[in-house]
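For reference, final28.txt (compact mmCIF, C-alpha atoms and all ligand atoms):
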# COMPACT_ATOMS: atom_id res chain seq x y z
CA MET B 1448 -24.21 -28.64 13.04
CA THR B 1449 -23.50 -24.98 13.71
CA LEU B 1450 -21.84 -23.01 10.98
CA PRO B 1451 -19.07 -21.05 12.64
CA ASN B 1452 -18.62 -18.36 10.08
CA SER B 1453 -21.11 -16.60 7.83
CA ARG B 1454 -18.18 -14.68 6.35
CA PHE B 1455 -17.48 -17.60 4.03
CA ASP B 1456 -19.40 -19.49 1.42
CA ALA B 1457 -21.77 -21.93 3.16
CA ASP B 1458 -20.63 -24.82 0.95
CA LEU B 1459 -17.02 -24.21 1.88
CA VAL B 1460 -17.88 -24.16 5.59
CA ARG B 1461 -19.99 -27.32 5.37
CA LEU B 1462 -17.42 -29.18 3.35
CA GLY B 1463 -14.61 -28.13 5.66
CA ALA B 1464 -16.54 -29.20 8.76
CA HIS B 1465 -17.35 -32.56 7.18
CA HIS B 1466 -13.72 -33.36 6.29
CA LEU B 1467 -12.38 -32.18 9.65
CA GLU B 1468 -14.84 -34.34 11.54
CA ALA B 1469 -13.92 -37.45 9.53
CA PHE B 1470 -10.23 -36.69 10.07
CA ALA B 1471 -10.62 -36.35 13.84
CA ALA B 1472 -12.61 -39.58 13.99
CA ALA B 1473 -9.83 -41.47 12.23
CA ASN B 1474 -6.99 -39.90 14.25
CA ALA B 1475 -7.67 -40.34 17.95
CA ASP B 1476 -4.89 -38.06 19.21
CA VAL B 1477 -6.14 -35.02 17.33
CA LEU B 1478 -7.44 -32.47 19.83
CA LEU B 1479 -8.39 -29.73 17.42
CA ALA B 1480 -8.45 -29.19 13.67
CA VAL B 1481 -9.13 -25.73 12.27
CA LEU B 1482 -9.50 -24.64 8.67
CA THR B 1483 -8.46 -20.99 8.53
CA SER B 1484 -8.62 -18.19 5.98
CA GLY B 1485 -5.35 -16.48 5.01
CA ASP B 1486 -6.28 -13.55 7.23
CA GLY B 1487 -6.91 -15.66 10.31
CA PHE B 1488 -10.65 -16.27 10.40
CA GLU B 1489 -11.99 -19.68 11.27
CA VAL B 1490 -13.73 -21.26 8.28
CA ALA B 1491 -14.53 -24.55 10.00
CA SER B 1492 -13.28 -26.48 13.00
CA TYR B 1493 -13.59 -29.77 14.80
CA PRO B 1494 -14.61 -30.09 17.58
CA PRO B 1495 -16.76 -27.01 16.83
CA ASN B 1496 -17.15 -23.99 19.10
CA GLN B 1497 -14.03 -24.41 21.22
CA THR B 1498 -12.99 -21.33 23.19
CA MET B 1499 -9.44 -21.42 21.90
CA THR B 1500 -10.35 -21.81 18.23
CA PRO B 1501 -10.48 -18.12 17.16
CA LYS B 1502 -7.08 -17.50 18.69
CA ILE B 1503 -5.56 -20.65 17.20
CA ALA B 1504 -6.98 -19.59 13.82
CA ALA B 1505 -5.44 -16.10 14.02
CA MET B 1506 -2.12 -17.35 15.35
CA SER B 1507 -1.79 -20.15 12.82
CA SER B 1508 -2.41 -17.73 9.94
CA SER B 1509 0.34 -15.46 11.32
CA MET B 1510 2.73 -18.41 11.61
CA GLN B 1511 1.86 -19.59 8.12
CA ALA B 1512 2.45 -16.10 6.68
CA LEU B 1513 5.72 -15.72 8.58
CA SER B 1514 6.97 -19.09 7.43
CA GLU B 1515 6.08 -18.16 3.84
CA ALA B 1516 7.99 -14.89 4.25
CA LEU B 1517 10.98 -16.75 5.69
CA THR B 1518 10.85 -19.28 2.85
CA ARG B 1519 10.90 -16.43 0.34
CA GLU B 1520 13.81 -14.66 2.06
CA ALA B 1521 15.77 -17.91 2.18
CA GLY B 1522 15.24 -18.38 -1.54
CA LEU B 1523 13.48 -21.70 -1.08
CA ALA B 1524 10.54 -22.93 -3.08
CA LYS B 1525 6.99 -22.95 -1.85
CA ASN B 1526 6.51 -23.41 1.86
CA ARG B 1527 4.62 -26.59 2.76
CA ASN B 1528 4.07 -26.84 6.46
CA VAL B 1529 5.11 -25.69 9.90
CA ILE B 1530 5.74 -28.29 12.59
CA ILE B 1531 5.81 -27.38 16.27
CA GLU B 1532 6.81 -30.19 18.61
CA THR B 1533 6.40 -29.88 22.35
CA ASP B 1534 6.75 -32.31 25.28
CA SER B 1535 3.03 -32.86 25.39
CA GLY B 1536 1.94 -32.60 21.80
CA THR B 1537 2.30 -31.31 18.28
CA VAL B 1538 0.92 -28.45 16.24
CA LEU B 1539 0.95 -28.68 12.46
CA ILE B 1540 0.11 -25.84 10.13
CA LEU B 1541 -0.36 -26.78 6.49
CA GLY B 1542 -1.01 -24.41 3.62
CA LEU B 1543 -3.65 -25.44 1.10
CA ALA B 1544 -3.05 -24.94 -2.60
CA GLY B 1545 -5.47 -22.55 -4.26
CA THR B 1546 -6.15 -18.86 -4.56
CA GLN B 1547 -7.98 -18.61 -1.24
CA ARG B 1548 -4.75 -19.21 0.72
CA LEU B 1549 -6.52 -21.34 3.31
CA SER B 1550 -4.51 -23.19 5.89
CA LEU B 1551 -5.12 -26.05 8.22
CA ALA B 1552 -4.03 -26.13 11.86
CA ILE B 1553 -3.90 -29.47 13.65
CA VAL B 1554 -3.35 -29.75 17.39
CA ALA B 1555 -2.56 -33.29 18.58
CA LYS B 1556 -1.50 -34.74 21.89
CA SER B 1557 1.68 -36.76 21.91
CA GLY B 1558 1.24 -40.42 21.19
CA GLU B 1559 0.54 -40.19 17.51
CA LEU B 1560 3.74 -40.70 15.57
CA LEU B 1561 4.66 -37.42 13.92
CA GLY B 1562 5.12 -39.09 10.55
CA LYS B 1563 1.69 -40.66 10.67
CA LEU B 1564 0.07 -37.43 11.77
CA LEU B 1565 1.81 -35.52 9.00
CA TRP B 1566 0.81 -38.08 6.42
CA ALA B 1567 -2.83 -38.04 7.55
CA SER B 1568 -2.88 -34.23 7.65
CA ARG B 1569 -1.45 -33.96 4.15
CA ASN B 1570 -4.11 -36.36 2.95
CA LEU B 1571 -6.75 -34.20 4.56
CA CYS B 1572 -5.29 -31.17 2.76
CA LYS B 1573 -5.49 -33.00 -0.56
CA LYS B 1574 -9.09 -33.98 0.09
CA LEU B 1575 -9.99 -30.41 0.95
CA GLU B 1576 -8.14 -29.04 -2.07
CA THR B 1577 -9.84 -31.49 -4.40
CA SER B 1578 -13.34 -30.87 -3.10
CA LEU B 1579 -12.81 -27.09 -3.07
CA GLN B 1580 -11.91 -27.16 -6.74
CA LYS B 1581 -15.23 -28.70 -7.63
CA MET C 26 28.91 9.56 14.67
CA SER C 27 25.73 7.63 14.78
CA ILE C 28 23.24 7.76 17.63
CA ALA C 29 23.42 3.95 17.64
CA SER C 30 24.35 1.47 14.98
CA GLU C 31 21.00 -0.27 14.85
CA LEU C 32 17.60 0.85 16.04
CA LYS C 33 14.24 -0.84 16.09
CA ILE C 34 11.13 1.25 15.75
CA VAL C 35 7.54 0.07 15.48
CA PHE C 36 4.70 1.36 13.34
CA THR C 37 1.37 0.57 14.89
CA GLY C 38 -2.25 1.69 14.74
CA PRO C 39 -5.63 0.39 13.62
CA MET C 40 -6.50 -1.46 10.43
CA GLY C 41 -6.15 0.71 7.35
CA ALA C 42 -4.21 3.53 9.03
CA GLY C 43 -1.38 2.81 6.61
CA LYS C 44 1.39 1.02 8.50
CA THR C 45 2.27 -1.25 5.57
CA THR C 46 2.01 1.66 3.13
CA ALA C 47 4.30 3.83 5.28
CA ILE C 48 7.01 1.21 5.66
CA THR C 49 6.88 0.41 1.94
CA ALA C 50 7.20 4.12 1.14
CA VAL C 51 10.54 4.53 2.93
CA SER C 52 12.20 1.13 3.12
CA ASP C 53 15.53 0.75 1.31
CA PHE C 54 14.47 -2.68 0.06
CA PRO C 55 11.08 -4.27 -0.53
CA PRO C 56 9.80 -4.98 2.98
CA VAL C 57 9.16 -8.45 4.31
CA SER C 58 5.40 -8.62 4.08
CA THR C 59 2.72 -10.88 5.43
CA GLU C 60 -0.24 -9.52 3.48
CA MET C 61 -3.25 -11.76 3.00
CA GLN C 62 -6.57 -11.26 1.29
CA ASN C 63 -8.84 -9.22 3.56
CA ASN C 64 -12.06 -11.05 4.45
CA ASP C 65 -13.28 -8.26 6.71
CA GLN C 66 -14.31 -5.58 4.24
CA GLN C 67 -16.77 -4.21 6.80
CA SER C 68 -14.02 -3.13 9.17
CA PHE C 69 -11.97 -1.63 6.39
CA ALA C 70 -12.57 -1.99 2.67
CA LYS C 71 -9.22 -2.86 1.12
CA GLU C 72 -7.67 -5.71 -0.79
CA SER C 73 -5.19 -7.08 1.75
CA THR C 74 -4.33 -6.97 5.42
CA THR C 75 -1.22 -7.68 7.49
CA VAL C 76 -1.47 -10.93 9.46
CA ALA C 77 1.93 -11.09 11.20
CA LEU C 78 4.26 -8.15 10.63
CA ASP C 79 5.94 -5.81 8.19
CA LEU C 80 9.70 -5.45 8.24
CA GLY C 81 11.59 -2.81 6.32
CA GLN C 82 14.85 -1.01 6.83
CA ILE C 83 16.23 2.43 6.23
CA GLY C 84 19.87 3.47 6.40
CA LEU C 85 20.59 6.97 7.62
CA GLY C 86 23.46 9.07 6.32
CA ASP C 87 25.48 8.56 9.51
CA GLY C 88 25.54 4.78 9.19
CA THR C 89 22.66 4.11 11.55
CA VAL C 90 20.36 1.36 10.39
CA VAL C 91 16.73 1.74 11.44
CA ARG C 92 14.67 -1.42 11.35
CA LEU C 93 11.05 -0.60 10.65
CA TYR C 94 8.59 -3.06 12.11
CA GLY C 95 4.88 -2.86 11.45
CA THR C 96 2.16 -4.57 13.44
CA PRO C 97 -1.10 -6.00 12.17
CA GLY C 98 -3.93 -3.59 12.96
CA GLN C 99 -6.75 -6.02 13.61
CA GLU C 100 -7.53 -6.87 17.23
CA ARG C 101 -7.55 -10.56 16.30
CA PHE C 102 -3.79 -10.31 15.87
CA SER C 103 -3.12 -8.41 19.09
CA PHE C 104 -0.83 -11.21 20.29
CA MET C 105 1.59 -9.95 17.62
CA TRP C 106 1.66 -6.45 19.18
CA GLU C 107 3.59 -7.77 22.16
CA ILE C 108 5.92 -9.86 20.00
CA VAL C 109 6.68 -7.07 17.53
CA GLY C 110 6.71 -4.33 20.20
CA ARG C 111 9.27 -5.95 22.45
CA GLY C 112 12.65 -4.24 22.33
CA SER C 113 11.51 -1.30 20.26
CA MET C 114 13.09 2.10 20.93
CA GLY C 115 10.18 4.18 19.73
CA VAL C 116 6.70 4.00 18.30
CA ILE C 117 5.14 5.67 15.30
CA LEU C 118 1.42 5.52 15.87
CA LEU C 119 -0.61 5.95 12.69
CA LEU C 120 -4.28 6.88 12.88
CA ASP C 121 -7.09 7.51 10.43
CA GLY C 122 -8.39 11.05 10.86
CA THR C 123 -11.76 10.14 9.33
CA SER C 124 -12.40 7.21 11.65
CA PRO C 125 -15.11 7.53 14.33
CA THR C 126 -12.77 5.61 16.64
CA LEU C 127 -9.82 7.99 16.09
CA LEU C 128 -9.49 9.05 19.73
CA ALA C 129 -10.30 5.63 21.19
CA ASP C 130 -7.65 4.11 18.91
CA LEU C 131 -5.14 6.72 20.03
CA LYS C 132 -5.82 5.84 23.65
CA THR C 133 -5.77 2.06 23.17
CA TYR C 134 -2.56 1.86 21.16
CA THR C 135 -0.76 4.38 23.38
CA GLU C 136 -1.63 2.38 26.48
CA VAL C 137 -0.74 -0.99 24.98
CA PHE C 138 2.63 0.09 23.57
CA ARG C 139 3.61 2.10 26.64
CA ARG C 140 3.04 -1.05 28.65
CA ILE C 141 5.17 -3.17 26.30
CA ALA C 142 8.13 -0.76 26.34
CA PRO C 143 7.46 1.85 29.03
CA ASP C 144 9.93 4.66 28.37
CA GLN C 145 9.92 4.78 24.61
CA PRO C 146 8.94 7.97 22.79
CA PHE C 147 5.93 8.14 20.49
CA VAL C 148 5.24 10.17 17.38
CA VAL C 149 1.67 10.26 16.11
CA GLY C 150 0.72 10.59 12.44
CA VAL C 151 -2.90 11.30 11.58
CA GLY C 152 -3.87 10.48 8.01
CA ARG C 153 -6.68 11.61 5.72
CA THR C 154 -6.97 15.05 7.34
CA ARG C 155 -7.39 18.26 5.36
CA PRO C 156 -4.16 20.26 5.54
CA ASP C 157 -5.94 23.37 6.85
CA ASP C 158 -8.03 21.55 9.44
CA TYR C 159 -6.44 21.07 12.86
CA THR C 160 -9.55 19.72 14.61
CA GLN C 161 -8.36 16.11 14.80
CA ILE C 162 -4.77 17.07 15.59
CA ASP C 163 -5.94 19.25 18.50
CA ALA C 164 -8.28 16.55 19.77
CA CYS C 165 -5.42 14.03 19.67
CA LEU C 166 -3.12 16.37 21.57
CA ARG C 167 -5.77 16.78 24.28
CA VAL C 168 -6.14 13.00 24.63
CA ILE C 169 -2.37 12.58 24.87
CA GLU C 170 -2.26 15.25 27.57
CA SER C 171 -5.07 13.54 29.47
CA LEU C 172 -2.96 10.38 29.48
CA GLN C 173 -0.18 12.38 31.14
CA PHE C 174 2.01 11.73 28.21
CA SER C 175 3.61 13.80 25.55
CA ALA C 176 4.05 13.11 21.86
CA PRO C 177 4.14 15.27 18.75
CA VAL C 178 1.19 14.85 16.39
CA PHE C 179 1.47 15.40 12.64
CA SER C 180 -0.96 15.38 9.80
CA VAL C 181 0.50 12.94 7.27
CA ASP C 182 -0.11 11.18 4.02
CA VAL C 183 1.70 7.88 4.52
CA ARG C 184 1.83 7.33 0.77
CA LYS C 185 4.37 10.17 0.61
CA ARG C 186 7.91 9.22 1.45
CA GLU C 187 8.77 12.68 2.85
CA ASP C 188 5.84 12.53 5.29
CA VAL C 189 6.96 9.17 6.65
CA LEU C 190 10.57 10.39 6.87
CA LEU C 191 9.37 13.35 8.92
CA LEU C 192 7.80 10.95 11.44
CA ILE C 193 10.95 8.82 11.64
CA GLU C 194 13.29 11.81 11.96
CA THR C 195 11.14 13.36 14.67
CA LEU C 196 11.13 10.09 16.58
CA LEU C 197 14.90 9.76 16.34
CA ALA C 198 15.37 13.36 17.48
CA THR C 199 13.11 12.70 20.48
CA LEU C 200 15.14 9.59 21.23
CA GLU C 201 18.36 11.59 21.29
CA VAL C 202 16.88 14.10 23.71
CA SER C 203 15.17 11.61 26.01
CA GLN C 204 17.95 9.04 26.03
CA PRO C 205 21.16 11.04 25.58
CA GLU C 206 23.31 7.92 25.87
CA PHE C 207 22.35 7.26 22.26
CA ALA C 208 23.92 10.51 21.16
CA THR C 209 27.68 10.51 20.78
N1 LIG B 1601 -7.08 8.40 -0.12
C1 LIG B 1601 -6.14 8.20 0.80
N2 LIG B 1601 -5.72 6.95 0.99
C2 LIG B 1601 -4.81 6.74 1.93
C3 LIG B 1601 -4.26 7.79 2.71
N3 LIG B 1601 -3.39 7.24 3.57
C4 LIG B 1601 -3.40 5.92 3.32
N4 LIG B 1601 -4.22 5.61 2.32
C5 LIG B 1601 -4.52 4.27 1.78
O1 LIG B 1601 -5.02 3.49 2.82
C6 LIG B 1601 -4.59 2.14 2.71
C7 LIG B 1601 -3.84 1.72 3.96
O2 LIG B 1601 -3.62 0.35 3.87
P1 LIG B 1601 -2.45 -0.40 4.62
O3 LIG B 1601 -1.15 0.30 4.44
O4 LIG B 1601 -2.56 -1.82 4.22
O5 LIG B 1601 -2.93 -0.22 6.12
P2 LIG B 1601 -2.39 -0.97 7.41
O6 LIG B 1601 -2.38 0.05 8.49
O7 LIG B 1601 -1.12 -1.66 7.12
O8 LIG B 1601 -3.59 -2.00 7.70
P3 LIG B 1601 -3.59 -3.47 8.38
O9 LIG B 1601 -2.32 -4.16 8.05
O10 LIG B 1601 -4.77 -4.15 7.77
O11 LIG B 1601 -3.77 -3.24 9.84
C8 LIG B 1601 -3.70 2.09 1.48
O12 LIG B 1601 -4.49 1.64 0.41
C9 LIG B 1601 -3.29 3.56 1.28
O13 LIG B 1601 -2.99 3.84 -0.05
C10 LIG B 1601 -4.72 9.12 2.48
O14 LIG B 1601 -4.30 10.09 3.10
N5 LIG B 1601 -5.67 9.26 1.51
MG MG B 1602 -0.57 -3.59 7.28
With the file now loaded, output its structure as structure tokens.
Ligand SMILES: Nc1nc2c(ncn2[C@@H]2O[C@H](COP(=O)(O)OP(=O)(O)OP(=O)(O)O)[C@@H](O)[C@H]2O)c(=O)[nH]1
Ligand SMILES: [Mg+2]
Amino acid sequence: MTLPNSRFDADLVRLGAHHLEAFAAANADVLLAVLTSGDGFEVASYPPNQTMTPKIAAMSSSMQALSEALTREAGLAKNRNVIIETDSGTVLILGLAGTQRLSLAIVAKSGELLGKLLWASRNLCKKLETSLQK
Amino acid sequence: MSIASELKIVFTGPMGAGKTTAITAVSDFPPVSTEMQNNDQQSFAKESTTVALDLGQIGLGDGTVVRLYGTPGQERFSFMWEIVGRGSMGVILLLDGTSPTLLADLKTYTEVFRRIAPDQPFVVGVGRTRPDDYTQIDACLRVIESLQFSAPVFSVDVRKREDVLLLIETLLATLEVSQPEFAT
């Protein structure tokens, strides 16, 4: 497996890639899953080496930061996720707990029920959070 | 009377030029910020970097409210330049006088933001210059001329409120001259 980013700890990259691959295997409608640093660098992705991945990584970190800023301005508690629904698919952006401020972007084609996708994506976040703490 | 009740201006320029610092220095309230830990210390060694935008606001004595937008500097976030730049009435371009890419940055950002909002005036602020050294300022002015454009260039320290105010006031004055419908 190619390691997309030498900027980050090799264990983090390997672990991320492993979890993303398992997630995509279990959720057939997922087109792309990207684990992204707070400042928009790809940490790991599945499928790896897609042309659109760097841009999705940068854009999802901007969206995540904007939604956090909006949450703060609105006086709401911690932002959890951003959901974008389109006619042909869904994009989810989920913030991971932890000091690294990682986030997860999931692109899925329509078909998957949103609730199921959200549930599976949150589970993936929890798995990533737990294994990153170790 | 005010030149307009509400104006949008955009601070842009490369990573580390000081867009976030400048907006923070003058904003009437703590700016909306999208700072994240910087994982690209090679490009610019600093703690955090802007990943979406900065948004501050300054009220002028005559009742005009100036909304201060800042862009991210890193190329990776260039899609935000278009989004933040749209509808702006003027640009404050901040540059790092010690950067080897000073003049290339000047050219790139001028071209990009002139394309986004063609007739808007620019004011350029060059940071980290020695007060008695006009080398970079002169070089910038020559580049601007070669682009068949005109914009005042100042040596600034964006950490100083009065320096940032000078840039904003100059931009607003240019706006009044170039678009007299804003003056009443
Ligand atoms: N020593 C020195 N530091 C300066 C000067 N001007 C700006 N700085 C510092 O340079 C840094 C600029 O950082 P930011 O304001 O985050 O820069 P930015 O343009 O918003 O960068 P990005 O959002 O990453 O594109 C701050 O730490 C400032 O204090 C100067 O004239 N001298
Ligand atoms: Mg900034």
From the list C:Gly152, C:Gly84, C:Pro146, C:Pro56, the nearest residue to chain B using all atoms listed in the file is C:Pro56
Take atom CA of Pro1494 of chain B and atom CA of Leu1549 of chain B and report the distance between them in Å, one decimal. 18.6 Å
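The space separating atom CA of Lys33 of chain C from atom CA of Val91 of chain C comes to 5.9 Å.
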What does the list of residues within 7 Å of ligand MG 1602 (chain B) look like if you count only C-alpha atoms and all ligand atoms, written as a short mmCIF file (atom, residue, chain, number, x, y, z; two decimals) with C-alpha atoms, in the coordinates of the input?
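The resulting part.cif:
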data_model
loop_
_atom_site.label_atom_id
_atom_site.label_comp_id
_atom_site.auth_asym_id
_atom_site.auth_seq_id
_atom_site.Cartn_x
_atom_site.Cartn_y
_atom_site.Cartn_z
CA GLY C 43 -1.38 2.81 6.61
CA LYS C 44 1.39 1.02 8.50
CA THR C 45 2.27 -1.25 5.57
CA THR C 74 -4.33 -6.97 5.42
CA THR C 75 -1.22 -7.68 7.49
CA ASP C 79 5.94 -5.81 8.19
CA GLY C 95 4.88 -2.86 11.45
CA THR C 96 2.16 -4.57 13.44
CA PRO C 97 -1.10 -6.00 12.17
CA GLY C 98 -3.93 -3.59 12.96
#
Given a cut-off of 10 Å, what residues near ligand LIG 1601 (chain B) show up using only C-alpha atoms and all ligand atoms, put as number ranges by chain? B: 1486; C: 36-50, 58-63, 65, 68-79, 95-100, 102, 118-123, 151-155, 180-185
Give me, please, the distance in Å between atom CA of Met114 of chain C and atom CA of Ala142 of chain C, quoted to one decimal. 7.9 Å
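Using all atoms listed in the file, the nearest neighbour of Phe147 of chain C within the list C:Glu31, C:Leu192, C:Val51, C:Gln67 is C:Leu192.
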At a cut-off of 10 Å, using only C-alpha atoms, what residues contact Lys1502 of chain B? Leave out same-chain residues fewer than 4 positions from it and give the result as a list in words.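 With the cut-off at 10 Å, the set is Gly1487, Phe1488, Glu1489, Thr1498, Met1506, Ser1507 and Ser1508 of chain B; Arg101, Phe102, Ser103 and Phe104 of chain C.
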Rows by chain and residue number, chain B within 6 Å of chain C, shortest pair, all atoms listed in the file, as a tab-separated table:
residue	atom	partner	partner_atom	distance
B:Gly1485	CA	C:Met61	CA	5.5
B:Asp1486	CA	C:Met61	CA	5.5
B:Ser1509	CA	C:Ala77	CA	4.7
B:Ala1512	CA	C:Thr59	CA	5.4
B:Gly1542, B:Gly1536, B:Gly1522, B:Pro1495: which is nearest Lys1556 of chain B, counting only C-alpha atoms?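 Counting only C-alpha atoms, the residue closest to Lys1556 of chain B is B:Gly1536.
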Tell me which protein, DNA and RNA residues are within 9 Å of Leu1575 of chain B, counting only C-alpha atoms, leaving out same-chain ones fewer than 3 positions away, and put them as a ChimeraX atom specification. /B:1462-1463,1466,1543,1570-1572,1578-1580
Just to be explicit: take each residue in the selection above, keep C-alpha atoms, and write the result as a PDB file, keeping the file's coordinate frame.
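Written output follows (out_38.pdb):
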ATOM      1  CA  LEU B1462     -17.420 -29.180   3.350  1.00  0.00           C
ATOM      2  CA  GLY B1463     -14.610 -28.130   5.660  1.00  0.00           C
ATOM      3  CA  HIS B1466     -13.720 -33.360   6.290  1.00  0.00           C
ATOM      4  CA  LEU B1543      -3.650 -25.440   1.100  1.00  0.00           C
ATOM      5  CA  ASN B1570      -4.110 -36.360   2.950  1.00  0.00           C
ATOM      6  CA  LEU B1571      -6.750 -34.200   4.560  1.00  0.00           C
ATOM      7  CA  CYS B1572      -5.290 -31.170   2.760  1.00  0.00           C
ATOM      8  CA  SER B1578     -13.340 -30.870  -3.100  1.00  0.00           C
ATOM      9  CA  LEU B1579     -12.810 -27.090  -3.070  1.00  0.00           C
ATOM     10  CA  GLN B1580     -11.910 -27.160  -6.740  1.00  0.00           C
TER      11      GLN B1580
END
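Here the question is which of B:Leu1560, B:Val1481, B:Ala1471, B:Ala1555 gets nearest to Pro1501 of chain B using only C-alpha atoms, and that residue is B:Val1481.
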Name the closest residue to Leu1561 of chain B among the candidates B:Asn1474, B:Thr1546, B:Gln1511, B:Gln1497; distances are taken between atoms, counting all atoms listed in the file.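 Checking each of B:Asn1474, B:Thr1546, B:Gln1511, B:Gln1497 against Leu1561 of chain B, counting all atoms listed in the file, the winner is B:Asn1474.
For the choices B:Glu1532, B:Ile1503, B:Phe1470, B:Lys1581, the atom-to-atom distance to Arg1569 of chain B is smallest for B:Phe1470 when using all atoms listed in the file.
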